[in-house]
Each structure stands twice: as structure tokens, then as C-alpha cells.
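Below is one structure, written out as C-alpha cells, with a few remarks after it.
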Amino acid sequence: MASRGEGGPRRPDPRLYLIAPAIADPGWLADRLAQALGAADVAAVLLPLPGDDERGRLDRARLLAPVIQTPGAAFLLEGPPEMVARAGADGAHFPGVDALRSAAATLQPDRIAGCGGLTARHDAMLAGEAGADYVLFGEPDRQGGRPSFAAVTERVAWWAELFEVPCVGYAASLAEVGLLARVGADFVAVGDCIFADARGPAAALAEAAQRLSLTETVE
């Protein structure tokens with residue numbers, strides 16, 4: 001895993017990474033994704049695929065692929081890597097280093113393999129060594145638990161200073177977006193704070209895009 005070191009190239013400006021809600025109704029989700037992606041630049045959309053019906057999950061992914069990719073976002077699945085090519089996705093996101101290791105070779109180099117569920121610095125370094133195309137810090141676990149925001153910003157800042165592999169910082173609220181960008185996140189992930197916003201996903205994502213350039217200090 002390459003280290004940035006001093007005097008390395010300047011990182012590109014941060015971009016948004018949108019996490020779709022785990023909704024089984026593809027029509028509802030297609031409408032809201034279209035609204036959001038029409039309002040702001042988004043680098044990637046991560047699509048969870050709830051349920052046990054493989055055919056139904058694949059059909060949902062195929063229906064949503066053009067909604068995500070036509071505006072220019074990468075389409076990532078939170079699901080089995082073998083479904084990626086069948087769904088026309090650009091890659092997959094894995095919840096931990098072991099899952100990444102077992103599946104990355106089936107995707108790379110043509111498709112993206114990202115990794116989250118990284119609770120320690122050591123786990124993140126292992127993910128980088130295993131070939132992760134990005135690492136994600138701060139996302140909620142399956143029970144909704146999440147590290148403190150101070151811990152998330154500390155982890156993002158540490159990674160951004162030392163490693164070339166891009167890092168994604170998860171923002172639980174719109175207020176966190178600018179702070180994560182300031183400490184060095186290459187991408188800021190937003191999800192519930194976009195789709196639960198009473199103004200609608202377009203207005204919420206447009207605000208998130210504006211906040212990427214905020215210069216607030218971390219308290």
C-alpha cells in the first residue's frame with residue numbers, strides 16, 4: 001500500500017458518495033435517486049439489496065443502474081460480487097477486510113472494490129494492503145451504532161495524511177459534510193440525512209454539495 005509522504009500530489013477536491021436506503025420498492029427509489037442526482041454532482045451511489053429473492057434483487061439493480069449511471073455516478077452494489085456484472089454495476093462495497101479479500105480478485109481491475117466496517121487503524125491498513133479501491137470510515141453498523149464524530153474525523157485525517165488510497169468519511173448529518181471535507185476526506189458519504197430530509201432529496205443533496213467547501217473547524 002503506497003504512502004503519501006511529504007510533497008505528494010495534491011488530492012482532488014472532495015466529492016459526494018450517496019448511500020441509497022435499503023428499500024425494496026425500485027419505483028420509489030428510482031424517483032428519489034433521479035431527484036437527488038439531478039441536483040448535485042455525485043461520484044458514486046451505493047445500493048443495498050435487501051431481501052432473499054435473488055431474482056428480485058437482480059431485477060431491482062438492473063432497473064436502477066441507468067438511473068444512477070446516466071448522470072455520471074458510479075454504481076456500486078452492497079451485495080454479492082457475482083451479481084455486479086449481471087446487474088451492470090461498476091463495483092461493490094464490502095463490509096470488512098475478510099469479505100474484501102475473498103471477492104476483490106473477481107472484480108478488479110475492471111471494477112471497483114471498496115471496504116467499510118473498519119473499526120481500527122489496523123483493519124484499514126489491511127484493507128489497503130488487500131487492494132481496496134477506497135476505505136470508508138464512520139458508517140453505522142447493522143444496529144445503527146456509530147463511532148463518535150470526533151473519532152471519525154480523526155481517522156479520516158490520519159488516513160488522508162499518510163495513504164494514497166482514497167478515503168470516504170460518513171456524514172450522519174448535513175452539518176458534518178463540510179468538516180469531513182476539511183480534514184481530508186476524498187469523498188463524503190451521505191445517506192439518511194438526504195432521504196429523510198423533509199425538503200426532499202434534491203434540496204438536501206444540493207445543500208450537501210455546498211457544504212463540501214465549508215471551512216469550519218473541528219471542535
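Quick note on naming: the chains in the C-alpha cells go A, B, ... in the order shown, residues restart at 1 in each chain, and ligands are numbered from 1 in order of appearance.
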*Distance query Ala157 (chain A) at most 9 Å, only C-alpha atoms, self and fewer than 4 positions along chain excluded, as an NGL selection string*: :A and (152-153 or 161-162 or 180 or 182-185)
Restricting the output to C-alpha atoms, write the selected residues as a CSV table (one decimal), in the first residue's frame.
chain,number,residue,atom,x,y,z
A,152,VAL,CA,-14.4,9.6,12.6
A,153,THR,CA,-12.7,12.9,11.7
A,161,GLU,CA,-2.2,12.4,5.5
A,162,LEU,CA,-0.5,9.1,5.1
A,180,LEU,CA,-15.2,15.8,6.8
A,182,ARG,CA,-11.9,19.9,5.7
A,183,VAL,CA,-10.0,17.1,7.5
A,184,GLY,CA,-9.1,15.4,4.2
A,185,ALA,CA,-11.9,13.0,3.1
Nearby residues (only C-alpha atoms) at most 8 Å from Leu33 (chain A), same-chain spacing under 2 positions excluded, as a PDB file with N, CA and C atoms, in the first residue's frame:
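File produced: selection_15.pdb:
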ATOM      1  N   ALA A  20     -27.856   4.805  -0.866  1.00  0.00           N
ATOM      2  CA  ALA A  20     -29.308   4.691  -1.015  1.00  0.00           C
ATOM      3  C   ALA A  20     -29.901   3.932   0.174  1.00  0.00           C
ATOM      4  N   LEU A  29     -37.566   4.288  -5.135  1.00  0.00           N
ATOM      5  CA  LEU A  29     -36.156   4.644  -5.048  1.00  0.00           C
ATOM      6  C   LEU A  29     -35.663   5.301  -6.331  1.00  0.00           C
ATOM      7  N   ALA A  30     -36.113   4.820  -7.473  1.00  0.00           N
ATOM      8  CA  ALA A  30     -35.689   5.416  -8.738  1.00  0.00           C
ATOM      9  C   ALA A  30     -36.083   6.890  -8.792  1.00  0.00           C
ATOM     10  N   ASP A  31     -37.285   7.201  -8.344  1.00  0.00           N
ATOM     11  CA  ASP A  31     -37.744   8.580  -8.368  1.00  0.00           C
ATOM     12  C   ASP A  31     -36.879   9.470  -7.500  1.00  0.00           C
ATOM     13  N   GLN A  35     -34.170  12.506  -8.525  1.00  0.00           N
ATOM     14  CA  GLN A  35     -34.242  13.860  -7.972  1.00  0.00           C
ATOM     15  C   GLN A  35     -32.888  14.287  -7.406  1.00  0.00           C
ATOM     16  N   ALA A  36     -32.288  13.412  -6.607  1.00  0.00           N
ATOM     17  CA  ALA A  36     -31.026  13.744  -5.946  1.00  0.00           C
ATOM     18  C   ALA A  36     -29.904  13.939  -6.961  1.00  0.00           C
ATOM     19  N   LEU A  37     -29.776  13.010  -7.890  1.00  0.00           N
ATOM     20  CA  LEU A  37     -28.662  13.061  -8.830  1.00  0.00           C
ATOM     21  C   LEU A  37     -28.805  14.197  -9.833  1.00  0.00           C
ATOM     22  N   VAL A  67     -30.537   4.792 -13.907  1.00  0.00           N
ATOM     23  CA  VAL A  67     -30.880   5.984 -13.121  1.00  0.00           C
ATOM     24  C   VAL A  67     -29.623   6.553 -12.472  1.00  0.00           C
ATOM     25  N   ILE A  68     -28.745   5.670 -12.038  1.00  0.00           N
ATOM     26  CA  ILE A  68     -27.517   6.077 -11.357  1.00  0.00           C
ATOM     27  C   ILE A  68     -26.424   6.452 -12.352  1.00  0.00           C
ATOM     28  N   PRO A 201     -34.971  14.924  -1.406  1.00  0.00           N
ATOM     29  CA  PRO A 201     -33.566  14.584  -1.630  1.00  0.00           C
ATOM     30  C   PRO A 201     -32.821  15.586  -2.490  1.00  0.00           C
TER      31      PRO A 201
END
*Test item, helix (DSSP H, G or I) assignment across region 41-183 of chain A, answer as number ranges by chain*: A: 54-69, 82-87, 97-107, 121-129, 149-162, 174-182
*asked:* Report, in Å with one decimal, the straight-line distance from CA of Pro21 (chain A) to CA of Asp192 (chain A).
replied: 7.1 Å
Tell me which protein, DNA and RNA residues are within 12 Å of Pro109 (chain A), counting only C-alpha atoms, leaving out same-chain ones fewer than 2 positions away, and put them as an mmCIF file with C-alpha atoms, in the first residue's frame.
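Okay, selection.cif is ready:
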data_model
loop_
_atom_site.group_PDB
_atom_site.id
_atom_site.type_symbol
_atom_site.label_atom_id
_atom_site.label_comp_id
_atom_site.auth_asym_id
_atom_site.auth_seq_id
_atom_site.Cartn_x
_atom_site.Cartn_y
_atom_site.Cartn_z
ATOM 1 C CA ASP A 90 -19.390 -0.595 -11.646
ATOM 2 C CA GLY A 91 -18.286 -2.357 -8.499
ATOM 3 C CA ALA A 104 -11.756 -8.346 -4.741
ATOM 4 C CA ALA A 105 -9.937 -10.536 -7.244
ATOM 5 C CA THR A 106 -13.218 -11.326 -9.002
ATOM 6 C CA LEU A 107 -13.836 -7.614 -9.631
ATOM 7 C CA ARG A 111 -14.471 -2.867 -11.382
ATOM 8 C CA ILE A 112 -14.334 -1.086 -8.034
ATOM 9 C CA ALA A 113 -13.897 -2.907 -4.723
ATOM 10 C CA GLY A 131 -6.244 -3.817 -2.682
ATOM 11 C CA ALA A 132 -9.254 -1.765 -1.631
ATOM 12 C CA ASP A 133 -10.011 0.993 -4.118
#
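Between CA of Ala24 (chain A) and CA of Asp53 (chain A) there is a distance of 10.7 Å.
CA of Leu136 (chain A) to CA of Gly114 (chain A) spans 7.7 Å [interatomic distance, one decimal].
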Can you pull out every residue within 6 Å of Tyr170 (chain A), counting only C-alpha atoms, but drop anything in the same chain fewer than 6 positions away, and send it as a tab-separated table (two decimals) with C-alpha atoms, in the first residue's frame?
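Final output, part-v2.tsv:
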chain	number	residue	atom	x	y	z
A	138	GLY	CA	-17.77	6.14	10.25
A	139	GLU	CA	-20.78	4.43	8.71
A	188	VAL	CA	-18.13	12.33	1.86
A	189	ALA	CA	-20.83	9.68	2.18
*Near region 45-50 of chain A, within 6 Å and counting only C-alpha atoms, which residues show up once chain neighbours fewer than 5 positions away are dropped, as a ChimeraX atom specification?*
/A:17-20,22,57,75-78
Next, write the just-selected residues to a file, as a PDB file, in the first residue's frame, keeping C-alpha atoms as the atom set.
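Output below, filename result.pdb:
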ATOM      1  CA  TYR A  17     -20.827   9.441  -2.245  1.00  0.00           C
ATOM      2  CA  LEU A  18     -24.544   8.696  -1.901  1.00  0.00           C
ATOM      3  CA  ILE A  19     -25.804   5.677   0.066  1.00  0.00           C
ATOM      4  CA  ALA A  20     -29.308   4.691  -1.015  1.00  0.00           C
ATOM      5  CA  ALA A  22     -32.499  -0.277   1.824  1.00  0.00           C
ATOM      6  CA  ARG A  57     -32.703  -8.194  -6.125  1.00  0.00           C
ATOM      7  CA  PHE A  75     -22.996   2.299  -9.453  1.00  0.00           C
ATOM      8  CA  LEU A  76     -21.838   0.183  -6.505  1.00  0.00           C
ATOM      9  CA  LEU A  77     -23.669  -2.783  -5.022  1.00  0.00           C
ATOM     10  CA  GLU A  78     -23.734  -3.756  -1.386  1.00  0.00           C
TER      11      GLU A  78
END
